[in-house]
file target.pdb (PDB, C-alpha atoms)
ATOM      1  CA  MET A  30      19.022 -36.612 -19.833  1.00  0.00           C
ATOM      2  CA  GLY A  31      16.274 -34.088 -19.058  1.00  0.00           C
ATOM      3  CA  ARG A  32      16.470 -30.372 -19.456  1.00  0.00           C
ATOM      4  CA  PRO A  33      17.788 -28.516 -16.368  1.00  0.00           C
ATOM      5  CA  ALA A  34      15.216 -26.779 -14.188  1.00  0.00           C
ATOM      6  CA  GLN A  35      14.508 -23.185 -15.160  1.00  0.00           C
ATOM      7  CA  ILE A  36      14.780 -20.810 -12.241  1.00  0.00           C
ATOM      8  CA  ASP A  37      14.732 -17.086 -11.730  1.00  0.00           C
ATOM      9  CA  ARG A  38      15.316 -14.759  -8.777  1.00  0.00           C
ATOM     10  CA  ALA A  39      11.677 -15.004  -7.692  1.00  0.00           C
ATOM     11  CA  ALA A  40      11.882 -18.812  -7.551  1.00  0.00           C
ATOM     12  CA  VAL A  41      15.144 -18.683  -5.607  1.00  0.00           C
ATOM     13  CA  LEU A  42      13.673 -16.266  -3.060  1.00  0.00           C
ATOM     14  CA  ALA A  43      10.415 -18.200  -2.765  1.00  0.00           C
ATOM     15  CA  ALA A  44      12.315 -21.428  -2.133  1.00  0.00           C
ATOM     16  CA  SER A  45      14.507 -19.684   0.439  1.00  0.00           C
ATOM     17  CA  LEU A  46      11.505 -18.307   2.320  1.00  0.00           C
ATOM     18  CA  GLU A  47       9.712 -21.671   2.258  1.00  0.00           C
ATOM     19  CA  LEU A  48      12.823 -23.389   3.584  1.00  0.00           C
ATOM     20  CA  ALA A  49      13.226 -20.793   6.348  1.00  0.00           C
ATOM     21  CA  ASP A  50       9.550 -21.057   7.298  1.00  0.00           C
ATOM     22  CA  GLU A  51       9.809 -24.831   7.557  1.00  0.00           C
ATOM     23  CA  GLN A  52      13.238 -25.272   9.133  1.00  0.00           C
ATOM     24  CA  GLY A  53      14.439 -21.879  10.378  1.00  0.00           C
ATOM     25  CA  LEU A  54      16.915 -19.397   8.972  1.00  0.00           C
ATOM     26  CA  SER A  55      19.926 -21.558   9.767  1.00  0.00           C
ATOM     27  CA  ALA A  56      18.647 -24.076   7.208  1.00  0.00           C
ATOM     28  CA  VAL A  57      18.882 -21.528   4.408  1.00  0.00           C
ATOM     29  CA  THR A  58      22.114 -22.366   2.640  1.00  0.00           C
ATOM     30  CA  MET A  59      22.958 -22.144  -1.029  1.00  0.00           C
ATOM     31  CA  GLN A  60      23.093 -25.954  -1.151  1.00  0.00           C
ATOM     32  CA  ALA A  61      19.706 -26.397   0.550  1.00  0.00           C
ATOM     33  CA  VAL A  62      18.009 -23.845  -1.708  1.00  0.00           C
ATOM     34  CA  ALA A  63      19.571 -25.428  -4.779  1.00  0.00           C
ATOM     35  CA  ASP A  64      18.421 -28.880  -3.654  1.00  0.00           C
ATOM     36  CA  ARG A  65      14.885 -27.585  -3.193  1.00  0.00           C
ATOM     37  CA  LEU A  66      14.901 -26.152  -6.711  1.00  0.00           C
ATOM     38  CA  GLY A  67      16.553 -29.205  -8.290  1.00  0.00           C
ATOM     39  CA  VAL A  68      19.612 -27.286  -9.502  1.00  0.00           C
ATOM     40  CA  THR A  69      23.261 -27.020  -8.567  1.00  0.00           C
ATOM     41  CA  PRO A  70      24.315 -24.317  -6.113  1.00  0.00           C
ATOM     42  CA  MET A  71      26.214 -22.609  -8.947  1.00  0.00           C
ATOM     43  CA  ALA A  72      22.915 -22.049 -10.766  1.00  0.00           C
ATOM     44  CA  LEU A  73      21.785 -19.794  -7.904  1.00  0.00           C
ATOM     45  CA  TYR A  74      24.642 -17.365  -8.478  1.00  0.00           C
ATOM     46  CA  ARG A  75      23.002 -16.130 -11.669  1.00  0.00           C
ATOM     47  CA  HIS A  76      20.217 -14.747  -9.447  1.00  0.00           C
ATOM     48  CA  VAL A  77      21.860 -13.955  -6.085  1.00  0.00           C
ATOM     49  CA  ALA A  78      25.434 -12.865  -5.476  1.00  0.00           C
ATOM     50  CA  ASN A  79      25.969 -14.701  -2.184  1.00  0.00           C
ATOM     51  CA  LYS A  80      24.182 -15.750   0.994  1.00  0.00           C
ATOM     52  CA  ALA A  81      23.890 -12.139   2.193  1.00  0.00           C
ATOM     53  CA  ASP A  82      22.126 -11.246  -1.058  1.00  0.00           C
ATOM     54  CA  LEU A  83      19.920 -14.306  -0.596  1.00  0.00           C
ATOM     55  CA  LEU A  84      18.920 -13.147   2.904  1.00  0.00           C
ATOM     56  CA  ASP A  85      18.292  -9.622   1.601  1.00  0.00           C
ATOM     57  CA  GLY A  86      16.012 -11.265  -0.924  1.00  0.00           C
ATOM     58  CA  VAL A  87      14.139 -13.077   1.837  1.00  0.00           C
ATOM     59  CA  VAL A  88      13.541  -9.686   3.489  1.00  0.00           C
ATOM     60  CA  GLU A  89      12.280  -8.476   0.107  1.00  0.00           C
ATOM     61  CA  ARG A  90       9.897 -11.445  -0.231  1.00  0.00           C
ATOM     62  CA  ILE A  91       8.389 -10.791   3.187  1.00  0.00           C
ATOM     63  CA  LEU A  92       7.996  -7.065   2.541  1.00  0.00           C
ATOM     64  CA  TRP A  93       6.358  -7.775  -0.850  1.00  0.00           C
ATOM     65  CA  GLU A  94       3.583  -9.419   1.165  1.00  0.00           C
ATOM     66  CA  VAL A  95       2.792  -6.066   2.797  1.00  0.00           C
ATOM     67  CA  PRO A  96       0.134  -4.471   0.582  1.00  0.00           C
ATOM     68  CA  LEU A  97       0.814  -0.881  -0.349  1.00  0.00           C
ATOM     69  CA  PRO A  98      -2.100   1.361   0.542  1.00  0.00           C
ATOM     70  CA  ASP A  99      -3.820   3.618  -1.953  1.00  0.00           C
ATOM     71  CA  PRO A 100      -1.734   6.827  -2.037  1.00  0.00           C
ATOM     72  CA  SER A 101      -4.932   8.898  -2.172  1.00  0.00           C
ATOM     73  CA  GLN A 102      -5.871   7.773   1.354  1.00  0.00           C
ATOM     74  CA  PRO A 103      -5.062  10.124   4.260  1.00  0.00           C
ATOM     75  CA  TRP A 104      -1.578   9.623   5.682  1.00  0.00           C
ATOM     76  CA  PRO A 105      -2.745   8.138   9.024  1.00  0.00           C
ATOM     77  CA  ASP A 106      -4.774   5.484   7.207  1.00  0.00           C
ATOM     78  CA  ARG A 107      -1.813   4.610   4.982  1.00  0.00           C
ATOM     79  CA  LEU A 108       0.581   4.257   7.917  1.00  0.00           C
ATOM     80  CA  ALA A 109      -1.972   2.145   9.790  1.00  0.00           C
ATOM     81  CA  ALA A 110      -2.484  -0.112   6.758  1.00  0.00           C
ATOM     82  CA  LEU A 111       1.274  -0.597   6.378  1.00  0.00           C
ATOM     83  CA  ALA A 112       1.563  -1.456  10.076  1.00  0.00           C
ATOM     84  CA  ARG A 113      -1.287  -3.982   9.850  1.00  0.00           C
ATOM     85  CA  GLY A 114       0.239  -5.532   6.730  1.00  0.00           C
ATOM     86  CA  THR A 115       3.592  -5.844   8.466  1.00  0.00           C
ATOM     87  CA  ARG A 116       1.981  -7.498  11.482  1.00  0.00           C
ATOM     88  CA  ALA A 117       0.168  -9.969   9.223  1.00  0.00           C
ATOM     89  CA  ALA A 118       3.416 -10.835   7.417  1.00  0.00           C
ATOM     90  CA  ALA A 119       5.075 -11.514  10.769  1.00  0.00           C
ATOM     91  CA  LEU A 120       2.313 -13.899  11.758  1.00  0.00           C
ATOM     92  CA  ARG A 121       2.696 -15.774   8.442  1.00  0.00           C
ATOM     93  CA  HIS A 122       6.475 -16.100   8.882  1.00  0.00           C
ATOM     94  CA  PRO A 123       7.211 -16.249  12.619  1.00  0.00           C
ATOM     95  CA  GLN A 124      10.568 -18.008  12.300  1.00  0.00           C
ATOM     96  CA  VAL A 125      11.837 -15.734   9.564  1.00  0.00           C
ATOM     97  CA  PHE A 126      10.366 -12.359  10.458  1.00  0.00           C
ATOM     98  CA  PRO A 127      13.065 -11.404  13.021  1.00  0.00           C
ATOM     99  CA  LEU A 128      15.414 -11.181  10.035  1.00  0.00           C
ATOM    100  CA  LEU A 129      13.777  -7.813   9.302  1.00  0.00           C
ATOM    101  CA  LEU A 130      15.194  -6.538  12.592  1.00  0.00           C
ATOM    102  CA  ARG A 131      18.713  -7.587  11.608  1.00  0.00           C
ATOM    103  CA  ARG A 132      18.924  -6.683   7.921  1.00  0.00           C
ATOM    104  CA  PRO A 133      18.117  -3.341   6.354  1.00  0.00           C
ATOM    105  CA  ALA A 134      15.774  -3.092   3.390  1.00  0.00           C
ATOM    106  CA  VAL A 135      18.362  -2.749   0.625  1.00  0.00           C
ATOM    107  CA  THR A 136      16.765  -4.261  -2.448  1.00  0.00           C
ATOM    108  CA  PRO A 137      14.393  -2.186  -4.569  1.00  0.00           C
ATOM    109  CA  GLY A 138      11.559  -4.572  -3.749  1.00  0.00           C
ATOM    110  CA  ALA A 139      12.180  -4.259  -0.020  1.00  0.00           C
ATOM    111  CA  ARG A 140      12.513  -0.478  -0.157  1.00  0.00           C
ATOM    112  CA  ARG A 141       9.037  -0.061  -1.664  1.00  0.00           C
ATOM    113  CA  THR A 142       7.454  -0.432   1.788  1.00  0.00           C
ATOM    114  CA  ARG A 143       9.840   2.087   3.336  1.00  0.00           C
ATOM    115  CA  ASP A 144       9.198   4.452   0.433  1.00  0.00           C
ATOM    116  CA  ALA A 145       5.448   4.195   1.089  1.00  0.00           C
ATOM    117  CA  VAL A 146       6.094   5.259   4.697  1.00  0.00           C
ATOM    118  CA  TYR A 147       8.208   8.189   3.467  1.00  0.00           C
ATOM    119  CA  ALA A 148       5.414   9.238   1.100  1.00  0.00           C
ATOM    120  CA  ALA A 149       2.842   9.185   3.907  1.00  0.00           C
ATOM    121  CA  LEU A 150       5.164  11.191   6.162  1.00  0.00           C
ATOM    122  CA  HIS A 151       5.807  13.692   3.383  1.00  0.00           C
ATOM    123  CA  ASP A 152       2.054  14.052   2.855  1.00  0.00           C
ATOM    124  CA  ALA A 153       1.714  14.634   6.601  1.00  0.00           C
ATOM    125  CA  GLY A 154       4.055  17.599   6.251  1.00  0.00           C
ATOM    126  CA  VAL A 155       7.091  16.011   7.855  1.00  0.00           C
ATOM    127  CA  GLY A 156      10.356  17.348   6.427  1.00  0.00           C
ATOM    128  CA  GLN A 157      12.843  15.034   4.725  1.00  0.00           C
ATOM    129  CA  ALA A 158      15.401  14.910   7.543  1.00  0.00           C
ATOM    130  CA  ASP A 159      12.694  14.302  10.151  1.00  0.00           C
ATOM    131  CA  ALA A 160      11.018  11.705   7.912  1.00  0.00           C
ATOM    132  CA  VAL A 161      14.180   9.587   7.778  1.00  0.00           C
ATOM    133  CA  GLN A 162      14.459   9.536  11.551  1.00  0.00           C
ATOM    134  CA  LEU A 163      10.737   9.055  12.074  1.00  0.00           C
ATOM    135  CA  GLU A 164      10.521   6.181   9.576  1.00  0.00           C
ATOM    136  CA  ARG A 165      13.334   4.436  11.439  1.00  0.00           C
ATOM    137  CA  ILE A 166      11.475   4.838  14.747  1.00  0.00           C
ATOM    138  CA  LEU A 167       8.081   3.831  13.336  1.00  0.00           C
ATOM    139  CA  ALA A 168       9.525   0.791  11.578  1.00  0.00           C
ATOM    140  CA  THR A 169      11.423  -0.357  14.654  1.00  0.00           C
ATOM    141  CA  ALA A 170       8.313  -0.092  16.835  1.00  0.00           C
ATOM    142  CA  VAL A 171       6.055  -1.940  14.383  1.00  0.00           C
ATOM    143  CA  LEU A 172       8.669  -4.575  13.538  1.00  0.00           C
ATOM    144  CA  GLY A 173       9.432  -5.105  17.227  1.00  0.00           C
ATOM    145  CA  PHE A 174       5.787  -5.599  18.157  1.00  0.00           C
ATOM    146  CA  ALA A 175       5.160  -7.858  15.172  1.00  0.00           C
ATOM    147  CA  ALA A 176       8.264  -9.983  15.816  1.00  0.00           C
ATOM    148  CA  SER A 177       7.420 -10.262  19.516  1.00  0.00           C
ATOM    149  CA  GLU A 178       3.861 -11.360  18.784  1.00  0.00           C
ATOM    150  CA  ALA A 179       4.863 -13.810  16.067  1.00  0.00           C
ATOM    151  CA  GLY A 180       7.662 -15.219  18.220  1.00  0.00           C
ATOM    152  CA  GLY A 181       5.310 -16.045  21.071  1.00  0.00           C
ATOM    153  CA  ARG A 182       6.382 -13.355  23.544  1.00  0.00           C
ATOM    154  CA  PHE A 183       2.747 -12.322  24.055  1.00  0.00           C
ATOM    155  CA  ALA A 184       1.290 -15.852  24.101  1.00  0.00           C
ATOM    156  CA  ALA A 185      -0.295 -15.332  27.532  1.00  0.00           C
ATOM    157  CA  HIS A 186      -2.499 -12.555  26.139  1.00  0.00           C
ATOM    158  CA  SER A 187      -5.744 -12.958  24.233  1.00  0.00           C
ATOM    159  CA  PRO A 188      -6.006 -12.022  20.559  1.00  0.00           C
ATOM    160  CA  GLN A 189      -8.348  -9.207  21.610  1.00  0.00           C
ATOM    161  CA  GLN A 190      -5.745  -7.831  24.011  1.00  0.00           C
ATOM    162  CA  LEU A 191      -3.060  -7.996  21.330  1.00  0.00           C
ATOM    163  CA  ASP A 192      -5.330  -6.191  18.887  1.00  0.00           C
ATOM    164  CA  ALA A 193      -5.928  -3.499  21.515  1.00  0.00           C
ATOM    165  CA  ASP A 194      -2.206  -3.264  22.226  1.00  0.00           C
ATOM    166  CA  PHE A 195      -1.433  -2.930  18.537  1.00  0.00           C
ATOM    167  CA  GLN A 196      -4.082  -0.226  18.166  1.00  0.00           C
ATOM    168  CA  LEU A 197      -2.542   1.651  21.080  1.00  0.00           C
ATOM    169  CA  LEU A 198       0.871   1.346  19.433  1.00  0.00           C
ATOM    170  CA  GLN A 199      -0.568   2.783  16.213  1.00  0.00           C
ATOM    171  CA  ASP A 200      -2.160   5.645  18.155  1.00  0.00           C
ATOM    172  CA  VAL A 201       1.134   6.428  19.889  1.00  0.00           C
ATOM    173  CA  LEU A 202       2.979   6.346  16.573  1.00  0.00           C
ATOM    174  CA  ALA A 203       0.393   8.609  14.912  1.00  0.00           C
ATOM    175  CA  GLU A 204       0.888  11.046  17.790  1.00  0.00           C
ATOM    176  CA  ALA A 205       4.640  10.931  17.170  1.00  0.00           C
ATOM    177  CA  VAL A 206       4.047  11.847  13.532  1.00  0.00           C
ATOM    178  CA  THR A 207       1.735  14.682  14.573  1.00  0.00           C
ATOM    179  CA  ARG A 208       4.407  15.902  16.980  1.00  0.00           C
ATOM    180  CA  ALA A 209       7.026  15.752  14.227  1.00  0.00           C
ATOM    181  CA  MET A 210       4.698  17.769  11.984  1.00  0.00           C
ATOM    182  CA  GLY A 211       4.575  20.497  14.647  1.00  0.00           C
ATOM    183  CA  HIS A 212       8.336  20.285  15.130  1.00  0.00           C
ATOM    184  CA  ALA A 213       8.928  20.718  11.416  1.00  0.00           C
ATOM    185  CA  THR A 214       6.889  23.917  11.335  1.00  0.00           C
ATOM    186  CA  THR A 215       8.430  25.440  14.462  1.00  0.00           C
ATOM    187  CA  PRO A 216      11.131  28.020  13.667  1.00  0.00           C
ATOM    188  CA  GLY A 217      14.659  27.041  14.711  1.00  0.00           C
TER     189      GLY A 217
END

call {"tool": "encode", "arguments": {"input": "target.pdb", "output": "structure tokens"}}
result
Amino acid sequence: MGRPAQIDRAAVLAASLELADEQGLSAVTMQAVADRLGVTPMALYRHVANKADLLDGVVERILWEVPLPDPSQPWPDRLAALARGTRAAALRHPQVFPLLLRRPAVTPGARRTRDAVYAALHDAGVGQADAVQLERILATAVLGFAASEAGGRFAAHSPQQLDADFQLLQDVLAEAVTRAMGHATTPG
């Protein structure tokens, strides 16, 4: 009898994302992931607590694909780079990406992207309370556009039009940050 397959959390999450990309999120079950890895479902529980934790890990895997910009870059460039990286991740995982609209970033790996947005907002001079609200709005706008594009909602439009639309969205969001900067410095 051969030695059992060696797995870790990264392998479990990679297998889950591959399965979701190929067959949709409904195909991601503990049994299906275990089958893909050549282990029993019980072996997965050393690396994920339950299916919810597994799905949180899928969110993490997608967000790990978003490159973090150099923190020495100006805040608008960093936010734009994060938005572009998010859009690219959506296009790589069109069936799975809507999960980011349904599940919060709760794992440390998933929160790294959100933390990069907070850092850019802080560097822009946005106060902590405003940054939390603004990050939520920025993320929802970028995730919504990216999920819509990846899901085919904009299929009637040319790639050039979608690029222009996305640039306009980034411009609008940068203006929102600039507005929040002015709001933060205005006396009560």

call {"tool": "atom_distance", "arguments": {"input": "target.pdb", "atom1": "CA of Gly211 (chain A)", "atom2": "CA of Leu172 (chain A)"}}
result
25.4 Å

call {"tool": "atom_distance", "arguments": {"input": "target.pdb", "atom1": "CA of Asp106 (chain A)", "atom2": "CA of Ile91 (chain A)"}}
result
21.3 Å

call {"tool": "resolve_selection", "arguments": {"input": "target.pdb", "expression": "the PyMOL selection byres ((chain A and resi 135-141) around 9)", "output": "MDAnalysis selection string"}}
result
chainID A and resid 82 85:86 88:93 97 132:134 142:146

call {"tool": "residues_around", "arguments": {"input": "target.pdb", "residues": "Thr169 (chain A)", "least_positions_apart": "6", "cutoff": "10 Å", "atoms": "only C-alpha atoms", "output": "PyMOL selection string"}}
result
chain A and resi 129-130+163+175

call {"tool": "write_last_selection", "arguments": {"input": "target.pdb", "atoms": "C-alpha atoms", "output": "compact mmCIF listing (two decimals), in the frame of the given file"}}
result
# COMPACT_ATOMS: atom_id res chain seq x y z
CA LEU A 129 13.78 -7.81 9.30
CA LEU A 130 15.19 -6.54 12.59
CA LEU A 163 10.74 9.06 12.07
CA ALA A 175 5.16 -7.86 15.17

call {"tool": "resolve_selection", "arguments": {"input": "target.pdb", "expression": "the PyMOL selection byres ((chain A and resi 117) around 12)", "output": "compact mmCIF listing (two decimals) with C-alpha atoms, in the coordinates of the input"}}
result
# COMPACT_ATOMS: atom_id res chain seq x y z
CA ILE A 91 8.39 -10.79 3.19
CA LEU A 92 8.00 -7.06 2.54
CA GLU A 94 3.58 -9.42 1.16
CA VAL A 95 2.79 -6.07 2.80
CA PRO A 96 0.13 -4.47 0.58
CA ALA A 110 -2.48 -0.11 6.76
CA LEU A 111 1.27 -0.60 6.38
CA ALA A 112 1.56 -1.46 10.08
CA ARG A 113 -1.29 -3.98 9.85
CA GLY A 114 0.24 -5.53 6.73
CA THR A 115 3.59 -5.84 8.47
CA ARG A 116 1.98 -7.50 11.48
CA ALA A 118 3.42 -10.84 7.42
CA ALA A 119 5.08 -11.51 10.77
CA LEU A 120 2.31 -13.90 11.76
CA ARG A 121 2.70 -15.77 8.44
CA HIS A 122 6.48 -16.10 8.88
CA PRO A 123 7.21 -16.25 12.62
CA PHE A 126 10.37 -12.36 10.46
CA VAL A 171 6.06 -1.94 14.38
CA LEU A 172 8.67 -4.58 13.54
CA PHE A 174 5.79 -5.60 18.16
CA ALA A 175 5.16 -7.86 15.17
CA ALA A 176 8.26 -9.98 15.82
CA GLU A 178 3.86 -11.36 18.78
CA ALA A 179 4.86 -13.81 16.07
CA ASP A 192 -5.33 -6.19 18.89
CA PHE A 195 -1.43 -2.93 18.54

call {"tool": "resolve_selection", "arguments": {"input": "target.pdb", "expression": "the PyMOL selection byres ((chain A and resi 63) around 12)", "output": "NGL selection string"}}
result
:A and (34-37 or 40-45 or 48 or 57-62 or 64-74 or 76-77 or 83)

call {"tool": "atom_distance", "arguments": {"input": "target.pdb", "atom1": "CA of Glu164 (chain A)", "atom2": "CA of Val87 (chain A)"}}
result
21.1 Å

call {"tool": "closest_residue", "arguments": {"input": "target.pdb", "among": "A:Ala81, A:Ala209, A:Ala49, A:Ala158", "to": "Arg131 (chain A)", "atoms": "all atoms listed in the file"}}
result
A:Ala81

call {"tool": "residues_near_point", "arguments": {"input": "target.pdb", "point": "(4.5, 3.4, 22.5)", "cutoff": "12 Å", "atoms": "only C-alpha atoms", "output": "MDAnalysis selection string"}}
result
chainID A and resid 166:167 169:171 173:174 194:205

call {"tool": "closest_residue", "arguments": {"input": "target.pdb", "among": "A:Ala184, A:Leu108, A:Ala168, A:Ala56", "to": "Ala148 (chain A)", "atoms": "only C-alpha atoms"}}
result
A:Leu108

call {"tool": "closest_residue", "arguments": {"input": "target.pdb", "among": "A:Gln190, A:Gln124, A:Arg75, A:Val155", "to": "Glu47 (chain A)", "atoms": "all atoms listed in the file"}}
result
A:Gln124

call {"tool": "residues_around", "arguments": {"input": "target.pdb", "residues": "Pro105 (chain A)", "least_positions_apart": "2", "cutoff": "9 Å", "atoms": "only C-alpha atoms", "output": "compact mmCIF listing (two decimals) with C-alpha atoms, in the frame of the given file"}}
result
# COMPACT_ATOMS: atom_id res chain seq x y z
CA GLN A 102 -5.87 7.77 1.35
CA PRO A 103 -5.06 10.12 4.26
CA ARG A 107 -1.81 4.61 4.98
CA LEU A 108 0.58 4.26 7.92
CA ALA A 109 -1.97 2.14 9.79
CA ALA A 110 -2.48 -0.11 6.76
CA ALA A 149 2.84 9.18 3.91
CA LEU A 150 5.16 11.19 6.16
CA ALA A 153 1.71 14.63 6.60
CA ALA A 203 0.39 8.61 14.91
CA VAL A 206 4.05 11.85 13.53
